Structure formats: structure tokens, C-alpha cells
Amino acid sequence: MYKQVQVIGGKGEGAHRFGRTLRSITVDGSDRLYAVGDSELKVFDADGTLRHRWPTSRPGYAVAVADDGLVCVGEAGQVEIFDSGGTLANTWRDAERLGRITAIGFVSGYVLVGDAKDRAIRRYDASGTFLNDIGKNNRMQGFLIPNGIVDFSVDADGVIHATNPGKHRIERYTPDDQLLGHIGRFNGIDPAGFSGCCNPTNVTVAGRDRIYVTEKAEPRAKVYDFQGSLIAVIATDVFDPNCKNMDIAVDRRGRVYVADTVRLEILAFEGDAES
Amino acid sequence: MSDGLTRRDALNRVARGTVLLGFGGTAAFLIEKADGQVVWQVDASRCVNSRLGEVGVPVCTLCTTECVVQQSAVRAVNNFRECGRCYICPAYYNIKSAVDEKGLPSEKLCPRDAIERQPIGMVDPGDPANNFYEYIIDDEKCDGCGICVKGCKEPLGLGSIILKVRHNLCVDCNHCAISLACPKEALVRQPVADALEPTLATHSTR
């Protein structure tokens, strides 16, 4: 069982609030929470206190923090890379392959970016040289994303878990684009299934065996094991019903953060020992 | 009143002016309508079935029940430019029905079975989800009840299906019966050019 323990942010003018959008969240190795929305990145302490914020040149769609502390923000047409203090270190631009970046991850020294415009994940080396696509070389020429975003997460073994919401699945890939398998099936009644036209929309993996997802219409957050068995429904009725593409992150304590994209709040949930 | 005009006279003048303006507006509308310049159309941004943000409200079927035309002059129209061509379309399937042996919802949503589901290209026999699907609304069967419109609405769907007045069916009443009943004032008078959008196409260009 999970219970809601905190609400961070919210719609408004204050420094810790979001003006118009809240699109992506992530947690670093020190349990600091990063959030992008509007054209700004905010960093919250583990207790939810705003510690830093800095502007991005374009509205952010994705945020990720590398092991070395570099903060990557995915935007339309580019990835901005900041040091931990918010100083811009680099900007990757690639007119062909960086259409609208809605997810960023890291594996074995490589950088992965999800391009929603082309429905694919790109793999780059650390210097920004393109290596290969992931999830693109198939009959549908990419992920089926009527919801408009590509999202993925990398587990401790370097396996990429990517949402394919039009197929109601989470697919597993190697960094060199081998499809290893998938979990998930459609079901509009059984909470163990994924409902609607296209779910789950967002995913993050944590620990050795946990896949956390969010769905839209009706919005909810759930956790599965790697075999696809539903472990728990984290929350259902606490989000605005018009929410979609609610990003999700989990810290080292097992605290689950979900971004309400309408109320522009980050909701924190904690489970009991069984969860 | 200083110039001999009583308060009652002034109010009468205002009232007469208002009535004349009303007549003028109506007359202008009738002239435009007679010239074929304006027609009735559904404003999707007002219609409760398609309007964003309206969730948890029942389907409004007034376009079906109030229209003076038998089976209504309003039809659901799929704007193929916006359609996601989903494997499981919440406007086609009753997504809350039990799942069948193929893993699909066992019930359709449309009570008149007016939507046809066609795969685009060859279906992958090993994985039917590995395909795009086209959803075509049969004008002969549709009565504009709006159930599929609500099923397609964001965030559940993409909002590609909306209600439209079919002008080959509409008898062009001066005071559209649906407009009188619509609680959202979604039946509006539009210039012909605005009312006839590409969404009136019945098939997509594949």
C-alpha cells in the first residue's frame, strides 16, 4: 500500500511553482528532485525545499542527471547540458535526430535520448556523436505514441525499458537495438492491464526488479515486477482527470514522485515494507 | 428629464431600439442565409462531448433528439489528420468491456455500429498490434449521438472525432432546434467557408 506524503510545486508565480507546464522529473544519486517545466529547471532537496533553479533556452520536455552530476535537459531540437550549478556546459543540436526530446538516459558511458518527433530513441557517445537508433527498425518504424512522447528508463543491467503505449506494452531493448521482450497487455477493467488507447505513457525502473508506470485517462500510477506482475496501484484518484504524460521518478528511499501535468504539482508517495 | 422626455419615454426608446437591433440582426442573418453565406455548424470547442476539460460528464445526445430531421442532420466525423490510427480506439471499442480471446475489448461503443475498423496495409499475423488502423464512420448509420466523440476526446483519445452538421441533410431552419436546446450554445452560425472543413471527408487519403 502506498500513501501520499507530500505535494511539491503547484501552479503559480512563486519560485518553487510552475507557471504553465510541468513536463519531466528525475531524482539524482543524492535524492535531489529535478523538474523541468516552462523554460526553467528547478532542483528540490529530498525534503521538497527548492534549492536551485535556472533557465533553459527553450521549454524543457525531459530532464536527466548523469553520474558525474551533469544535468541534461531535452528540448525541441536540442539537448542542453548544464553542470550541477546550472552553468551551460554544452548544447547538442541535430536537426535530423533531435526533433522533440521527451526522455534522456545513460548507459555504459552513452547518452540515450527519446525523440518523440521520430518515435525513436537515439544513442550517442559522450561527445555527442550519433551511434544508432533504438526501437525504430521495425514494421511501425518507431514506437506507437498517440500520446505524443517517447519515454524510457535504463535498469542496473543496462537494459532499456521503453513505453510503447499504442501496443500497451513496455519493451526491453539492448543499447544496440535488440528487442529482448516486453511486458503488458490491454485491459480496461483489470488494473493489472493498461487501459485506453495508449498506455502506459511514462516509465521508470528502480532497484533490481521494479517498473513504475503512469497511465492517462484515468490517470494512475502503478508498479510492476520485471515479469510484468502488478505489485501495487500507487495512486488513482489524486490526479487531475485531464492529466496525461505524467512523468514518474523514484528515489533511493523508494519514495515515488509523480508529476500532475494539469495542476503542475509533484506528488510524493511512500509504500509500506511490502510495497 | 430636462427636455420634456420622461423616464418612461426614454426606456421605451431604448426598448424599441433594442427590438429594432434584434430585427436588424435577424434580418441580416436571414439575408446572409438566403444568400447561402452562413449556415449552422457545431462548434467543437463548445460541444460538451468534445470540449477539452469536461470529464466525468454524461454524453450529450441533444443533436440526435432535438434535430427536426429524421436521424438528425448531425454526424460524427473523423478528422483523419488528427486520428492516431490506434490499435484499440476508445471511440470504436467499449474499452470498459471484457477482453476477448484476441486481447481486444469484446464490445463496440457505437449503438448503431456505424464505425468501421480497417487495418492499413497487411496485418502482422503474429502481432496485430503491429499495425495502424483506420476508423471510418458510416454516414448512413450515424445519427450524431456523440458517444464516439466523447470516447475520442482528450486525454482518452486525440479528439479527432467531432460532430458536424451535414449540409446535405440540414433543412436550414431559421432557429435551429438543436441550438435552442444546446446548453453550451455549441450550434453556431458560420460562414460557409468555415463550416465546410476538410473534416467532412469520409475517407482518409492513405
# chains A, B, ... in the order shown; residues from 1 in each chain; ligands from 1
call {"tool": "interface_residues", "arguments": {"of": "chain A", "to": "chain B", "cutoff": "12 Å", "atoms": "only C-alpha atoms", "output": "MDAnalysis selection string"}}
result
chainID A and resid 138:148 164:169 184:191 193:199 201 215:219 240:246 261:262
call {"tool": "residues_around", "arguments": {"residues": "B:Lys164", "least_positions_apart": "2", "cutoff": "10 Å", "atoms": "only C-alpha atoms", "output": "list in words"}}
result
Trp40, Gln41, Val42, Asp43, Ala44, Cys63, Ala73, Val74, Arg75, Ala76, Val77, Asn78, Gly144, Ile161, Ile162, Arg166, His167, Leu187, Ala195, Leu196, Glu197, Thr199 and Leu200 of chain B
call {"tool": "select_by_dssp", "arguments": {"residues": "stretch 5-208 of chain A", "states": "strand (DSSP E)", "output": "JSON, numbers by chain"}}
result
{"A": [5, 6, 7, 8, 9, 24, 25, 26, 27, 33, 34, 35, 36, 37, 40, 41, 42, 43, 44, 50, 51, 52, 53, 54, 55, 62, 63, 64, 65, 71, 72, 73, 74, 78, 79, 80, 81, 82, 88, 89, 90, 91, 92, 93, 101, 102, 103, 104, 105, 106, 107, 110, 111, 112, 113, 114, 115, 120, 121, 122, 123, 124, 130, 131, 132, 133, 134, 152, 153, 154, 160, 161, 162, 163, 164, 169, 170, 171, 172, 173, 179, 180, 181, 182, 183, 202, 203, 204, 205, 206]}
call {"tool": "write_last_selection", "arguments": {"atoms": "C-alpha atoms", "output": "mmCIF file, in the first residue's frame"}}
result
data_model
loop_
_atom_site.group_PDB
_atom_site.id
_atom_site.type_symbol
_atom_site.label_atom_id
_atom_site.label_comp_id
_atom_site.auth_asym_id
_atom_site.auth_seq_id
_atom_site.Cartn_x
_atom_site.Cartn_y
_atom_site.Cartn_z
ATOM 1 C CA VAL A 5 3.122 12.066 1.767
ATOM 2 C CA GLN A 6 3.895 15.373 0.090
ATOM 3 C CA VAL A 7 2.955 17.826 -2.641
ATOM 4 C CA ILE A 8 5.728 19.895 -4.225
ATOM 5 C CA GLY A 9 5.337 22.844 -6.561
ATOM 6 C CA SER A 24 9.566 15.948 -16.618
ATOM 7 C CA ILE A 25 11.085 14.972 -13.292
ATOM 8 C CA THR A 26 14.045 12.894 -12.165
ATOM 9 C CA VAL A 27 15.974 12.100 -8.996
ATOM 10 C CA LEU A 33 14.463 16.077 -7.242
ATOM 11 C CA TYR A 34 14.842 17.839 -10.602
ATOM 12 C CA ALA A 35 11.866 19.190 -12.528
ATOM 13 C CA VAL A 36 11.526 20.978 -15.849
ATOM 14 C CA GLY A 37 8.570 22.990 -16.955
ATOM 15 C CA GLU A 40 13.223 26.608 -16.246
ATOM 16 C CA LEU A 41 14.807 23.796 -14.292
ATOM 17 C CA LYS A 42 14.178 23.520 -10.562
ATOM 18 C CA VAL A 43 16.099 21.420 -8.041
ATOM 19 C CA PHE A 44 14.408 20.397 -4.795
ATOM 20 C CA LEU A 50 13.676 24.450 -3.580
ATOM 21 C CA ARG A 51 17.487 24.720 -3.686
ATOM 22 C CA HIS A 52 18.336 25.860 -7.210
ATOM 23 C CA ARG A 53 16.652 26.987 -10.350
ATOM 24 C CA TRP A 54 17.990 28.158 -13.653
ATOM 25 C CA PRO A 55 16.592 28.993 -17.060
ATOM 26 C CA ALA A 62 12.904 15.934 -20.337
ATOM 27 C CA VAL A 63 15.487 16.069 -17.577
ATOM 28 C CA ALA A 64 18.146 13.579 -16.502
ATOM 29 C CA VAL A 65 21.196 13.701 -14.245
ATOM 30 C CA VAL A 71 22.218 17.809 -15.913
ATOM 31 C CA CYS A 72 20.720 17.209 -19.363
ATOM 32 C CA VAL A 73 17.539 18.933 -20.473
ATOM 33 C CA GLY A 74 15.697 17.731 -23.567
ATOM 34 C CA GLN A 78 18.361 20.228 -28.866
ATOM 35 C CA VAL A 79 19.745 18.898 -25.607
ATOM 36 C CA GLU A 80 21.216 21.402 -23.169
ATOM 37 C CA ILE A 81 23.872 20.124 -20.772
ATOM 38 C CA PHE A 82 24.493 22.004 -17.529
ATOM 39 C CA LEU A 88 25.573 25.741 -19.500
ATOM 40 C CA ALA A 89 28.373 23.345 -20.477
ATOM 41 C CA ASN A 90 27.242 22.242 -23.919
ATOM 42 C CA THR A 91 24.340 22.156 -26.330
ATOM 43 C CA TRP A 92 23.763 19.271 -28.708
ATOM 44 C CA ARG A 93 21.868 20.115 -31.834
ATOM 45 C CA ILE A 101 13.380 15.243 -26.797
ATOM 46 C CA THR A 102 10.990 13.812 -24.207
ATOM 47 C CA ALA A 103 13.326 11.397 -22.386
ATOM 48 C CA ILE A 104 17.037 11.148 -21.616
ATOM 49 C CA GLY A 105 19.027 8.295 -20.037
ATOM 50 C CA PHE A 106 22.522 6.950 -19.657
ATOM 51 C CA VAL A 107 24.029 3.518 -20.193
ATOM 52 C CA TYR A 110 26.483 6.504 -23.704
ATOM 53 C CA VAL A 111 23.672 9.018 -23.755
ATOM 54 C CA LEU A 112 20.205 7.943 -24.853
ATOM 55 C CA VAL A 113 17.593 10.453 -25.965
ATOM 56 C CA GLY A 114 13.972 9.825 -26.875
ATOM 57 C CA ASP A 115 12.852 11.775 -29.930
ATOM 58 C CA ALA A 120 12.634 6.590 -31.625
ATOM 59 C CA ILE A 121 15.434 6.507 -29.078
ATOM 60 C CA ARG A 122 18.873 7.712 -30.230
ATOM 61 C CA ARG A 123 22.170 6.519 -28.799
ATOM 62 C CA TYR A 124 25.068 8.992 -28.718
ATOM 63 C CA PHE A 130 25.332 9.611 -33.052
ATOM 64 C CA LEU A 131 25.692 5.824 -32.921
ATOM 65 C CA ASN A 132 22.349 4.125 -33.557
ATOM 66 C CA ASP A 133 18.574 4.251 -33.224
ATOM 67 C CA ILE A 134 16.640 2.092 -30.796
ATOM 68 C CA PHE A 152 12.188 5.016 -21.288
ATOM 69 C CA SER A 153 14.357 4.086 -18.332
ATOM 70 C CA VAL A 154 17.569 2.095 -18.000
ATOM 71 C CA ILE A 160 16.358 -0.104 -21.740
ATOM 72 C CA HIS A 161 12.689 -0.292 -20.734
ATOM 73 C CA ALA A 162 10.683 1.811 -23.187
ATOM 74 C CA THR A 163 6.964 2.515 -23.250
ATOM 75 C CA ASN A 164 5.107 1.553 -26.396
ATOM 76 C CA ARG A 169 3.497 -2.566 -23.605
ATOM 77 C CA ILE A 170 6.841 -1.809 -22.063
ATOM 78 C CA GLU A 171 9.519 -3.150 -24.345
ATOM 79 C CA ARG A 172 13.065 -4.114 -23.375
ATOM 80 C CA TYR A 173 15.973 -3.257 -25.654
ATOM 81 C CA LEU A 179 14.363 -6.222 -28.751
ATOM 82 C CA LEU A 180 14.562 -8.561 -25.763
ATOM 83 C CA GLY A 181 10.871 -8.827 -24.941
ATOM 84 C CA HIS A 182 8.022 -6.936 -23.387
ATOM 85 C CA ILE A 183 5.533 -6.851 -20.554
ATOM 86 C CA ASN A 202 5.708 7.040 -18.658
ATOM 87 C CA VAL A 203 8.073 4.614 -17.013
ATOM 88 C CA THR A 204 10.973 4.431 -14.607
ATOM 89 C CA VAL A 205 12.781 1.409 -13.251
ATOM 90 C CA ALA A 206 14.270 1.171 -9.777
#
call {"tool": "atom_distance", "arguments": {"atom1": "atom CA of B:Cys60", "atom2": "atom CA of B:Ala114"}}
result
17.8 Å
call {"tool": "atom_distance", "arguments": {"atom1": "atom CA of A:Ala221", "atom2": "atom CA of A:Arg100"}}
result
24.5 Å
call {"tool": "closest_residue", "arguments": {"among": "A:Ala116, A:Val238, A:Ala126, A:Ile211", "to": "A:Asp155", "atoms": "only C-alpha atoms"}}
result
A:Ile211
call {"tool": "select_by_dssp", "arguments": {"residues": "stretch 20-184 of chain B", "states": "helix (DSSP H, G or I)", "output": "JSON, numbers by chain"}}
result
{"B": [20, 21, 22, 23, 24, 25, 26, 27, 28, 29, 30, 31, 32, 33, 34, 62, 63, 64, 65, 147, 148, 149, 150, 151, 152, 177, 178, 179, 180, 181]}
call {"tool": "atom_distance", "arguments": {"atom1": "atom CA of B:Pro125", "atom2": "atom CA of A:Gly228"}}
result
23.6 Å
